[in-house]
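Pasting entry_11.tsv here (TSV, C-alpha atoms and all ligand atoms):
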```tsv
chain	number	residue	atom	x	y	z
N	1	MET	CA	-12.97	-7.49	-50.61
N	2	SER	CA	-13.30	-4.26	-48.68
N	3	ASP	CA	-12.83	-0.76	-49.97
N	4	ARG	CA	-10.94	0.46	-46.92
N	5	ARG	CA	-8.45	3.24	-47.48
N	6	GLU	CA	-4.76	2.68	-46.95
N	7	PRO	CA	-4.39	3.47	-43.22
N	8	ILE	CA	-2.55	6.59	-42.10
N	9	ARG	CA	-0.03	5.49	-39.50
N	10	ASP	CA	1.42	8.82	-38.41
N	11	ILE	CA	0.13	9.10	-34.85
N	12	ALA	CA	1.82	6.67	-32.47
N	13	HIS	CA	-0.50	7.15	-29.51
N	14	PHE	CA	-2.40	9.46	-27.17
N	15	GLY	CA	0.28	11.41	-25.32
N	16	TYR	CA	-1.29	13.48	-22.57
N	17	ALA	CA	-4.27	15.49	-21.39
N	18	GLU	CA	-4.48	18.76	-19.54
N	19	LEU	CA	-7.28	19.13	-17.02
N	20	LEU	CA	-8.39	22.54	-15.77
N	21	THR	CA	-9.48	22.83	-12.16
N	22	PRO	CA	-10.86	25.58	-9.94
N	23	LYS	CA	-9.61	23.61	-6.90
N	24	PRO	CA	-5.97	22.87	-7.75
N	25	GLU	CA	-4.87	21.71	-4.29
N	26	ALA	CA	-7.73	19.27	-3.86
N	27	THR	CA	-7.34	18.04	-7.44
N	28	GLU	CA	-3.62	17.48	-6.83
N	29	SER	CA	-4.40	15.45	-3.72
N	30	TYR	CA	-6.96	13.37	-5.66
N	31	PHE	CA	-4.43	12.40	-8.34
N	32	THR	CA	-1.45	11.88	-6.02
N	33	ASP	CA	-2.81	10.62	-2.68
N	34	LEU	CA	-5.87	8.75	-3.95
N	35	LEU	CA	-4.91	7.63	-7.45
N	36	GLY	CA	-1.19	7.21	-6.72
N	37	MET	CA	0.29	9.39	-9.46
N	38	GLU	CA	3.62	11.22	-9.09
N	39	ILE	CA	4.28	14.92	-9.65
N	40	VAL	CA	7.38	15.33	-11.83
N	41	ARG	CA	7.28	19.05	-12.45
N	42	THR	CA	5.57	22.24	-11.32
N	43	GLU	CA	5.46	25.29	-13.57
N	44	GLY	CA	3.32	28.38	-13.07
N	45	ASP	CA	-0.24	27.26	-12.42
N	46	SER	CA	0.40	23.72	-13.68
N	47	ILE	CA	1.55	20.45	-12.16
N	48	PHE	CA	2.70	17.58	-14.37
N	49	LEU	CA	1.96	13.99	-13.34
N	50	ARG	CA	2.71	10.43	-14.37
N	51	GLY	CA	1.58	6.93	-13.52
N	52	TRP	CA	4.24	4.38	-12.54
N	53	GLY	CA	3.92	2.64	-15.90
N	54	ASP	CA	3.96	5.70	-18.15
N	55	TYR	CA	7.05	5.72	-20.35
N	56	ALA	CA	6.67	9.47	-21.00
N	57	VAL	CA	7.91	11.93	-18.40
N	58	TRP	CA	4.35	13.08	-17.77
N	59	THR	CA	0.95	12.24	-19.21
N	60	LEU	CA	-1.35	14.48	-17.18
N	61	ARG	CA	-1.08	18.23	-16.73
N	62	VAL	CA	-3.34	19.85	-14.16
N	63	THR	CA	-3.77	23.61	-14.43
N	64	ALA	CA	-5.56	26.01	-12.11
N	65	SER	CA	-8.44	27.75	-13.83
N	66	ASP	CA	-11.73	29.47	-13.06
N	67	SER	CA	-13.76	26.48	-14.21
N	68	PRO	CA	-13.11	22.79	-14.86
N	69	GLY	CA	-12.66	21.31	-18.33
N	70	ILE	CA	-10.08	20.04	-20.79
N	71	GLY	CA	-7.13	22.30	-21.57
N	72	ARG	CA	-5.53	20.28	-24.35
N	73	VAL	CA	-4.98	16.78	-25.68
N	74	GLY	CA	-1.50	15.73	-26.86
N	75	TRP	CA	-0.68	13.17	-29.56
N	76	ARG	CA	2.74	11.71	-30.23
N	77	ALA	CA	3.69	11.23	-33.88
N	78	TYR	CA	5.67	8.20	-35.06
N	79	SER	CA	8.54	10.26	-36.46
N	80	GLU	CA	9.60	13.73	-37.52
N	81	ASP	CA	8.27	13.07	-41.03
N	82	ALA	CA	4.98	11.75	-39.65
N	83	LEU	CA	4.65	14.91	-37.54
N	84	HIS	CA	5.08	17.15	-40.56
N	85	ARG	CA	2.67	15.10	-42.66
N	86	ARG	CA	-0.03	15.48	-40.01
N	87	VAL	CA	0.69	19.20	-39.59
N	88	ALA	CA	0.23	19.66	-43.35
N	89	ALA	CA	-3.08	17.76	-43.22
N	90	ILE	CA	-4.30	19.77	-40.21
N	91	GLU	CA	-3.40	23.04	-41.93
N	92	GLU	CA	-5.20	21.91	-45.06
N	93	ALA	CA	-8.27	21.23	-42.90
N	94	GLY	CA	-8.03	24.83	-41.68
N	95	LEU	CA	-7.67	23.85	-38.03
N	96	GLY	CA	-4.02	24.69	-37.38
N	97	ILE	CA	-2.95	27.22	-34.76
N	98	GLY	CA	0.85	27.14	-34.92
N	99	TRP	CA	4.12	25.82	-33.53
N	100	ASP	CA	4.91	26.01	-29.84
N	101	ASN	CA	8.45	25.45	-28.62
N	102	ASP	CA	7.57	25.64	-24.97
N	103	ASN	CA	5.98	22.27	-24.24
N	104	PRO	CA	7.75	20.87	-21.14
N	105	ASP	CA	9.73	17.69	-21.87
N	106	ARG	CA	8.54	17.65	-25.48
N	107	GLY	CA	10.19	19.01	-28.60
N	108	PRO	CA	8.55	21.20	-31.24
N	109	THR	CA	4.81	20.91	-30.76
N	110	TYR	CA	2.16	21.93	-33.25
N	111	ARG	CA	-1.05	23.29	-31.78
N	112	PHE	CA	-4.41	22.88	-33.44
N	113	GLN	CA	-8.06	22.38	-32.62
N	114	ASP	CA	-10.64	19.81	-33.60
N	115	PRO	CA	-13.80	21.00	-35.38
N	116	ASP	CA	-15.57	21.33	-32.01
N	117	GLY	CA	-12.84	23.62	-30.68
N	118	HIS	CA	-11.00	21.27	-28.30
N	119	ARG	CA	-7.35	22.29	-28.23
N	120	MET	CA	-4.94	19.59	-29.35
N	121	GLU	CA	-1.20	19.26	-29.90
N	122	ILE	CA	1.06	16.94	-31.86
N	123	TYR	CA	4.80	16.39	-31.34
N	124	TYR	CA	7.43	13.75	-31.93
N	125	GLU	CA	10.53	14.50	-29.85
N	126	GLU	CA	10.35	14.07	-26.13
N	127	ASN	CA	12.70	13.66	-23.21
N	128	LYS	CA	13.22	10.15	-21.89
N	129	TYR	CA	11.95	9.65	-18.37
N	130	ARG	CA	14.74	8.79	-15.94
N	131	ALA	CA	13.51	7.86	-12.48
N	132	PRO	CA	15.39	9.73	-9.75
N	133	GLU	CA	17.25	7.81	-7.04
N	134	GLY	CA	14.74	6.24	-4.72
N	135	MET	CA	12.16	6.04	-7.51
N	136	LYS	CA	13.90	3.45	-9.67
N	137	SER	CA	12.14	0.14	-10.16
N	138	ALA	CA	13.80	-3.18	-9.33
N	139	LEU	CA	12.50	-4.24	-12.74
N	140	ARG	CA	14.83	-3.25	-15.56
N	141	ASN	CA	11.92	-2.83	-17.94
N	142	GLN	CA	9.72	-0.63	-15.76
N	143	PRO	CA	10.21	3.15	-15.93
N	144	MET	CA	9.51	3.84	-12.26
N	145	ARG	CA	8.98	1.77	-9.18
N	146	TYR	CA	5.43	0.69	-8.42
N	147	SER	CA	4.18	3.27	-5.96
N	148	GLY	CA	1.66	1.04	-4.22
N	149	ARG	CA	-0.10	4.21	-3.10
N	150	GLY	CA	-3.84	4.74	-3.44
N	151	ALA	CA	-5.33	3.26	-6.58
N	152	GLY	CA	-1.82	2.83	-8.02
N	153	VAL	CA	-2.93	3.77	-11.55
N	154	ARG	CA	-0.52	2.51	-14.14
N	155	ARG	CA	-0.92	5.14	-16.84
N	156	SER	CA	-3.08	7.75	-18.48
N	157	ASP	CA	-5.27	6.09	-21.07
N	158	HIS	CA	-7.84	8.13	-22.99
N	159	VAL	CA	-10.18	11.07	-23.19
N	160	ALA	CA	-13.88	11.23	-24.04
N	161	LEU	CA	-14.91	14.58	-25.48
N	162	LEU	CA	-18.35	15.97	-26.13
N	163	ALA	CA	-19.03	17.53	-29.51
N	164	LYS	CA	-21.91	19.42	-31.05
N	165	ASP	CA	-21.30	17.65	-34.37
N	166	VAL	CA	-20.00	14.12	-33.76
N	167	PRO	CA	-19.68	13.13	-37.46
N	168	ALA	CA	-17.50	16.17	-38.23
N	169	ASN	CA	-15.16	15.46	-35.34
N	170	ARG	CA	-15.03	11.72	-36.00
N	171	ALA	CA	-14.25	12.41	-39.65
N	172	PHE	CA	-11.46	14.80	-38.64
N	173	ALA	CA	-9.98	12.19	-36.28
N	174	GLU	CA	-10.16	9.52	-38.98
N	175	GLU	CA	-9.20	11.41	-42.09
N	176	THR	CA	-6.89	14.16	-40.80
N	177	LEU	CA	-5.30	12.55	-37.75
N	178	GLY	CA	-5.51	8.99	-39.10
N	179	LEU	CA	-7.15	7.29	-36.13
N	180	GLN	CA	-9.02	4.02	-36.61
N	181	LEU	CA	-12.75	3.85	-35.93
N	182	ARG	CA	-13.69	1.05	-33.48
N	183	GLU	CA	-17.28	1.45	-32.39
N	184	GLN	CA	-20.21	3.78	-32.86
N	185	ILE	CA	-23.64	4.49	-31.47
N	186	ARG	CA	-25.95	5.32	-34.35
N	187	PHE	CA	-29.65	5.89	-33.83
N	188	GLU	CA	-32.57	6.41	-36.22
N	189	ASN	CA	-31.64	3.70	-38.72
N	190	GLY	CA	-27.99	4.63	-38.48
N	191	GLU	CA	-28.51	8.19	-39.59
N	192	VAL	CA	-27.81	9.94	-36.29
N	193	GLU	CA	-24.29	9.42	-34.97
N	194	ILE	CA	-24.39	9.76	-31.19
N	195	GLY	CA	-20.87	8.60	-30.37
N	196	SER	CA	-17.68	7.26	-31.92
N	197	TRP	CA	-14.63	5.57	-30.38
N	198	LEU	CA	-11.25	5.73	-32.13
N	199	SER	CA	-7.62	4.73	-31.60
N	200	SER	CA	-4.22	4.84	-33.24
N	201	THR	CA	-3.03	1.69	-31.43
N	202	ALA	CA	-4.37	-1.78	-30.67
N	203	MET	CA	-6.04	-0.31	-27.59
N	204	HIS	CA	-9.77	-0.18	-28.19
N	205	HIS	CA	-9.95	3.61	-27.98
N	206	GLU	CA	-7.80	6.59	-27.16
N	207	ILE	CA	-10.48	9.16	-27.83
N	208	ALA	CA	-14.25	9.17	-27.94
N	209	TYR	CA	-16.55	11.81	-29.34
N	210	VAL	CA	-20.05	11.84	-27.92
N	211	ARG	CA	-22.90	14.23	-28.73
N	212	ASP	CA	-23.10	17.25	-26.43
N	213	ASN	CA	-26.75	17.25	-25.38
N	214	ALA	CA	-26.39	20.85	-24.15
N	215	GLY	CA	-25.27	21.92	-27.62
N	216	MET	CA	-22.07	23.45	-26.27
N	217	ASN	CA	-18.53	23.25	-27.65
N	218	GLY	CA	-15.14	22.11	-26.40
N	219	ARG	CA	-16.30	20.13	-23.40
N	220	LEU	CA	-14.84	17.15	-21.58
N	221	HIS	CA	-16.92	14.09	-20.75
N	222	HIS	CA	-14.14	12.24	-18.96
N	223	PHE	CA	-10.43	11.58	-18.66
N	224	SER	CA	-9.45	7.96	-18.05
N	225	LEU	CA	-6.66	6.16	-16.21
N	226	TRP	CA	-5.72	2.52	-16.55
N	227	VAL	CA	-5.29	-0.02	-13.76
N	228	ASP	CA	-4.23	-3.61	-14.37
N	229	ASN	CA	-7.19	-5.53	-12.99
N	230	ARG	CA	-10.72	-5.38	-11.70
N	231	GLU	CA	-9.64	-5.64	-8.06
N	232	ASP	CA	-7.81	-2.32	-8.45
N	233	VAL	CA	-11.04	-0.75	-9.71
N	234	LEU	CA	-12.95	-2.11	-6.72
N	235	ARG	CA	-10.24	-0.96	-4.31
N	236	THR	CA	-10.40	2.51	-5.89
N	237	ALA	CA	-14.13	2.65	-5.10
N	238	ASP	CA	-13.32	1.94	-1.43
N	239	ILE	CA	-10.63	4.64	-1.45
N	240	PHE	CA	-13.05	7.16	-2.94
N	241	ARG	CA	-15.74	6.42	-0.37
N	242	GLU	CA	-13.24	6.77	2.48
N	243	ASN	CA	-12.15	10.15	1.16
N	244	GLY	CA	-15.45	11.80	0.28
N	245	ILE	CA	-15.10	11.53	-3.49
N	246	PHE	CA	-18.38	11.39	-5.42
N	247	ILE	CA	-18.80	8.13	-7.33
N	248	GLU	CA	-21.16	8.71	-10.23
N	249	ALA	CA	-21.23	5.22	-11.75
N	250	GLY	CA	-19.75	1.76	-11.41
N	251	PRO	CA	-17.92	-0.40	-10.73
N	252	SER	CA	-19.71	-2.01	-13.70
N	253	LYS	CA	-18.99	-3.23	-17.22
N	254	HIS	CA	-19.71	-1.36	-20.45
N	255	ASN	CA	-21.01	-3.26	-23.46
N	256	ASN	CA	-19.20	-1.19	-26.09
N	257	SER	CA	-15.42	-1.39	-25.40
N	258	GLN	CA	-16.11	-4.03	-22.67
N	259	ALA	CA	-14.43	-1.75	-20.15
N	260	PHE	CA	-14.77	-2.38	-16.41
N	261	TYR	CA	-15.27	1.15	-15.12
N	262	LEU	CA	-15.60	3.47	-12.16
N	263	TYR	CA	-16.55	7.10	-12.75
N	264	SER	CA	-15.93	9.76	-10.12
N	265	TYR	CA	-15.76	13.54	-10.10
N	266	GLU	CA	-12.39	14.82	-9.02
N	267	PRO	CA	-12.74	17.74	-6.55
N	268	GLY	CA	-12.44	20.32	-9.34
N	269	GLY	CA	-15.53	18.82	-11.00
N	270	ASN	CA	-14.05	16.87	-13.93
N	271	ARG	CA	-15.31	13.32	-14.45
N	272	VAL	CA	-12.45	10.83	-14.14
N	273	GLU	CA	-12.68	7.14	-15.05
N	274	VAL	CA	-10.54	4.41	-13.51
N	275	TYR	CA	-10.84	1.36	-15.72
N	276	THR	CA	-9.41	-1.88	-17.03
N	277	SER	CA	-10.18	-4.78	-19.38
N	278	GLY	CA	-11.27	-3.12	-22.61
N	279	PHE	CA	-10.71	-5.39	-25.61
N	280	MET	CA	-7.86	-4.84	-28.05
N	281	VAL	CA	-8.12	-4.68	-31.82
N	282	PHE	CA	-5.51	-6.43	-33.94
N	283	ALA	CA	-7.31	-7.03	-37.24
N	284	PRO	CA	-6.21	-4.56	-39.93
N	285	ASP	CA	-9.62	-5.02	-41.56
N	286	PHE	CA	-11.61	-4.64	-38.33
N	287	GLU	CA	-15.16	-3.56	-39.06
N	288	PRO	CA	-16.41	-0.88	-36.65
N	289	VAL	CA	-19.18	-2.22	-34.43
N	290	ILE	CA	-22.40	-0.23	-34.56
N	291	TRP	CA	-24.85	-0.07	-31.63
N	292	ASN	CA	-28.43	1.11	-32.09
N	293	GLU	CA	-31.54	1.81	-30.01
N	294	ASP	CA	-32.35	-1.90	-29.81
N	295	ASN	CA	-29.02	-3.18	-28.54
N	296	ARG	CA	-27.39	-0.16	-26.89
N	297	ASP	CA	-28.85	-0.90	-23.43
N	298	GLY	CA	-27.66	2.43	-22.09
N	299	GLY	CA	-24.02	1.43	-22.55
N	300	VAL	CA	-24.09	-1.07	-19.66
N	301	TYR	CA	-23.37	-4.78	-20.10
N	302	TRP	CA	-24.02	-5.55	-16.45
N	303	GLY	CA	-24.31	-3.48	-13.32
N	304	ALA	CA	-26.43	-0.46	-12.49
N	305	LYS	CA	-27.94	1.71	-15.20
N	306	LEU	CA	-25.86	4.85	-15.82
N	307	PRO	CA	-27.41	7.87	-14.05
N	308	GLU	CA	-28.94	10.70	-16.04
N	309	SER	CA	-25.98	12.93	-15.12
N	310	PHE	CA	-23.80	10.70	-17.31
N	311	SER	CA	-25.48	12.11	-20.40
N	312	THR	CA	-26.03	15.65	-19.14
N	313	TYR	CA	-23.03	16.62	-16.98
N	314	ALA	CA	-19.72	17.60	-18.54
N	315	THR	CA	-17.04	20.19	-17.92
N	316	PRO	CA	-17.24	23.09	-18.02
N	317	PRO	CA	-20.80	22.59	-16.79
N	318	ALA	CA	-23.68	24.07	-18.76
N	319	PRO	CA	-25.01	27.25	-17.07
N	320	ASP	CA	-28.04	25.42	-15.68
N	321	GLN	CA	-25.86	22.58	-14.40
N	322	ALA	CA	-23.46	24.64	-12.36
N	323	MET	CA	-24.72	22.98	-9.20
N	324	ALA	CA	-25.11	19.53	-10.75
N	325	SER	CA	-21.57	18.38	-10.19
N	326	GLY	CA	-22.57	16.05	-7.40
N	327	PRO	CA	-21.68	16.20	-3.74
N	328	VAL	CA	-18.04	17.07	-4.35
N	329	VAL	CA	-16.25	16.98	-1.03
N	330	ASP	CA	-12.75	18.14	-0.36
N	331	PRO	CA	-10.88	14.94	0.58
N	332	HIS	CA	-9.17	16.74	3.47
C	401	FE	FE	-13.71	5.97	-20.97
```
Write-out of the structure in structure tokens:
Amino acid sequence: MSDRREPIRDIAHFGYAELLTPKPEATESYFTDLLGMEIVRTEGDSIFLRGWGDYAVWTLRVTASDSPGIGRVGWRAYSEDALHRRVAAIEEAGLGIGWDNDNPDRGPTYRFQDPDGHRMEIYYEENKYRAPEGMKSALRNQPMRYSGRGAGVRRSDHVALLAKDVPANRAFAEETLGLQLREQIRFENGEVEIGSWLSSTAMHHEIAYVRDNAGMNGRLHHFSLWVDNREDVLRTADIFRENGIFIEAGPSKHNNSQAFYLYSYEPGGNRVEVYTSGFMVFAPDFEPVIWNEDNRDGGVYWGAKLPESFSTYATPPAPDQAMASGPVVDPH
């Protein structure tokens, strides 16, 4: 018999991410022309995007800023009651910021931060997406017609955040938000937690916390978009090469999560993953899988070893890495 706690089932799923970019026009072109996302709204310095399979109105917000990085991460609660239960838990943890009634296409949104200082939001109500004329799918059960443009990403999938103190942030995600722990990298006989992957759904992970080797706070490792098959990942690599986008790693397969991945830097400098094929978790008594120095193999199941930049570069870049963002080339 296990001693697992009764699960908290208040968060329905990862809702959206906001990416900050110092090159908003080139970043917009990357997500629309090359990855095939649609802009549904423009407001101030922000554009709001969706993949053809996203049920939400938008799942990616891109905002002009002096430097790249993550603006915020949104979580959708299961219900109004679930929202208020999580807000109470967040306030008890001392990480609440306050209510915001100005979140486009979402209802009352509670803002908070994780222990590392990443800004997050939780909400329940949201507008239903209604495809405009000319954008409707021939499929009654698909929110928008398949764009067939660029990579044709289906939906926003997850974020990987760096943290100075991985255990504190993983514990917050588990105990305060109620996410389920899936896999971990633990070194030195399990005593040093290097990374943790968590989810609120059957998807393997919706968020990862990985140790920030620069000792900074609030940084983004990568934002990830889902495609339906490996061929789409391979095609995306061709599209990136034809358009001067820096490919940092892949196409290859991770051992933890089993994801088939391709990592690039969008023109603003943020690392973006296009991926497919991670395994799903259905068992309510799933035991988190732990990887150590002997079996970690650098995170790669097969394919090229991940470059050093994968463990040193993040956004915003560390002061001594300002020029380490790779040969970022404007796609136009
Ligand atoms: Fe990822």
Quick one: residues within 7 Å of ligand FE 401 (chain C), with all atoms listed in the file, as a ChimeraX atom specification?
-> /N:158-160,222-224,273
Neighbours of segment 64-67 of chain N within 10 Å (all atoms listed in the file; same-chain residues fewer than 2 positions away dropped), as a list in words?
->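 Surrounding residues, per the criterion: Leu19, Leu20, Thr21, Pro22, Lys23, Pro24, Glu25, Thr27, Gly44, Asp45, Ser46, Ile47, Val62, Gly69, Ile70, Gly71, Gly268, Gly269, Asn270, Thr315, Pro316 and Pro317 of chain N.
The gap separating atom CA of Arg119 of chain N from atom CA of His254 of chain N is 27.8 Å, in Å to one decimal.
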Between atom CA of Leu179 of chain N and atom CA of Leu49 of chain N, what is the distance, to one decimal in Å?
->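 Computing the Euclidean distance for atom CA of Leu179 of chain N and atom CA of Leu49 of chain N yields 25.4 Å.
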Any idea what the distance is between atom CA of Glu125 of chain N and atom CA of Gln180 of chain N?
->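 Between these atoms lies a distance of 23.2 Å.
Closest approach to Gly303 of chain N among N:Asn169, N:Pro251, N:Tyr124, N:Tyr275 is made by N:Pro251 (distances from only C-alpha atoms).
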Best match for closeness to Lys305 of chain N among N:Asp100, N:Asp232, N:Glu242, N:Glu248, counting all atoms listed in the file |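 Among the listed residues, N:Glu248 lies closest to Lys305 of chain N.
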Nearest to Ile11 of chain N: which of N:Gly298, N:Gly250, N:Pro288, N:Gly178 is it, counting all atoms listed in the file?
->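 Checking each of N:Gly298, N:Gly250, N:Pro288, N:Gly178 against Ile11 of chain N, counting all atoms listed in the file, the winner is N:Gly178.
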Which residues come within 8 Å of Ile122 of chain N, counting all atoms listed in the file, excluding same-chain residues fewer than 6 positions away, as a PyMOL selection string?
-> chain N and resi 74-77+83+109-111
Considering all atoms listed in the file, give me a table of residues in segment 205-255 of chain N that are at most 9 Å from segment 130-151 of chain N, with the closest atom pair and distance in Å for each, as CSV.
```
residue,atom,partner,partner_atom,distance
N:Val227,CA,N:Ala151,CA,7.9
N:Asp232,CA,N:Ala151,CA,6.4
N:Val233,CA,N:Ala151,CA,7.6
N:Arg235,CA,N:Ala151,CA,6.9
N:Thr236,CA,N:Ala151,CA,5.2
N:Ala237,CA,N:Ala151,CA,8.9
N:Ile239,CA,N:Gly150,CA,7.1
```
Once N, CA and C atoms are restored for segment 121-139 of chain N, what would the output be as a JSON list (two decimals), in the frame of the given file?
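The resulting file, rebuild01.json, is reproduced below:
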```json
[["chain", "number", "residue", "atom", "x", "y", "z"],
["N", 121, "GLU", "N", -2.60, 19.02, -29.57],
["N", 121, "GLU", "CA", -1.20, 19.26, -29.90],
["N", 121, "GLU", "C", -0.60, 17.96, -30.45],
["N", 122, "ILE", "N", 0.36, 18.12, -31.34],
["N", 122, "ILE", "CA", 1.06, 16.94, -31.86],
["N", 122, "ILE", "C", 2.56, 17.25, -31.86],
["N", 123, "TYR", "N", 3.35, 16.22, -31.51],
["N", 123, "TYR", "CA", 4.80, 16.39, -31.34],
["N", 123, "TYR", "C", 5.43, 15.04, -31.62],
["N", 124, "TYR", "N", 6.73, 15.04, -31.84],
["N", 124, "TYR", "CA", 7.43, 13.75, -31.93],
["N", 124, "TYR", "C", 8.50, 13.63, -30.84],
["N", 125, "GLU", "N", 9.41, 14.60, -30.80],
["N", 125, "GLU", "CA", 10.53, 14.50, -29.85],
["N", 125, "GLU", "C", 10.03, 14.64, -28.43],
["N", 126, "GLU", "N", 10.62, 13.84, -27.55],
["N", 126, "GLU", "CA", 10.35, 14.07, -26.13],
["N", 126, "GLU", "C", 11.51, 13.54, -25.30],
["N", 127, "ASN", "N", 11.66, 14.12, -24.12],
["N", 127, "ASN", "CA", 12.70, 13.66, -23.21],
["N", 127, "ASN", "C", 12.37, 12.25, -22.73],
["N", 128, "LYS", "N", 13.41, 11.48, -22.49],
["N", 128, "LYS", "CA", 13.22, 10.15, -21.89],
["N", 128, "LYS", "C", 13.04, 10.33, -20.38],
["N", 129, "TYR", "N", 12.12, 9.58, -19.82],
["N", 129, "TYR", "CA", 11.95, 9.65, -18.37],
["N", 129, "TYR", "C", 13.06, 8.85, -17.68],
["N", 130, "ARG", "N", 13.71, 9.47, -16.74],
["N", 130, "ARG", "CA", 14.74, 8.79, -15.94],
["N", 130, "ARG", "C", 14.32, 8.92, -14.48],
["N", 131, "ALA", "N", 13.96, 7.82, -13.88],
["N", 131, "ALA", "CA", 13.51, 7.86, -12.48],
["N", 131, "ALA", "C", 14.66, 8.34, -11.60],
["N", 132, "PRO", "N", 14.35, 9.28, -10.69],
["N", 132, "PRO", "CA", 15.39, 9.73, -9.75],
["N", 132, "PRO", "C", 15.73, 8.62, -8.77],
["N", 133, "GLU", "N", 16.86, 8.77, -8.08],
["N", 133, "GLU", "CA", 17.25, 7.81, -7.04],
["N", 133, "GLU", "C", 16.10, 7.66, -6.05],
["N", 134, "GLY", "N", 15.84, 6.47, -5.65],
["N", 134, "GLY", "CA", 14.74, 6.24, -4.72],
["N", 134, "GLY", "C", 13.42, 5.97, -5.43],
["N", 135, "MET", "N", 13.38, 6.27, -6.74],
["N", 135, "MET", "CA", 12.16, 6.04, -7.51],
["N", 135, "MET", "C", 12.38, 4.98, -8.58],
["N", 136, "LYS", "N", 13.60, 4.45, -8.65],
["N", 136, "LYS", "CA", 13.90, 3.45, -9.67],
["N", 136, "LYS", "C", 13.21, 2.13, -9.33],
["N", 137, "SER", "N", 12.76, 1.44, -10.37],
["N", 137, "SER", "CA", 12.14, 0.14, -10.16],
["N", 137, "SER", "C", 13.21, -0.94, -10.08],
["N", 138, "ALA", "N", 12.91, -2.02, -9.34],
["N", 138, "ALA", "CA", 13.80, -3.18, -9.33],
["N", 138, "ALA", "C", 13.71, -3.92, -10.66],
["N", 139, "LEU", "N", 12.67, -3.63, -11.43],
["N", 139, "LEU", "CA", 12.50, -4.24, -12.74],
["N", 139, "LEU", "C", 13.23, -3.39, -13.79]]
```
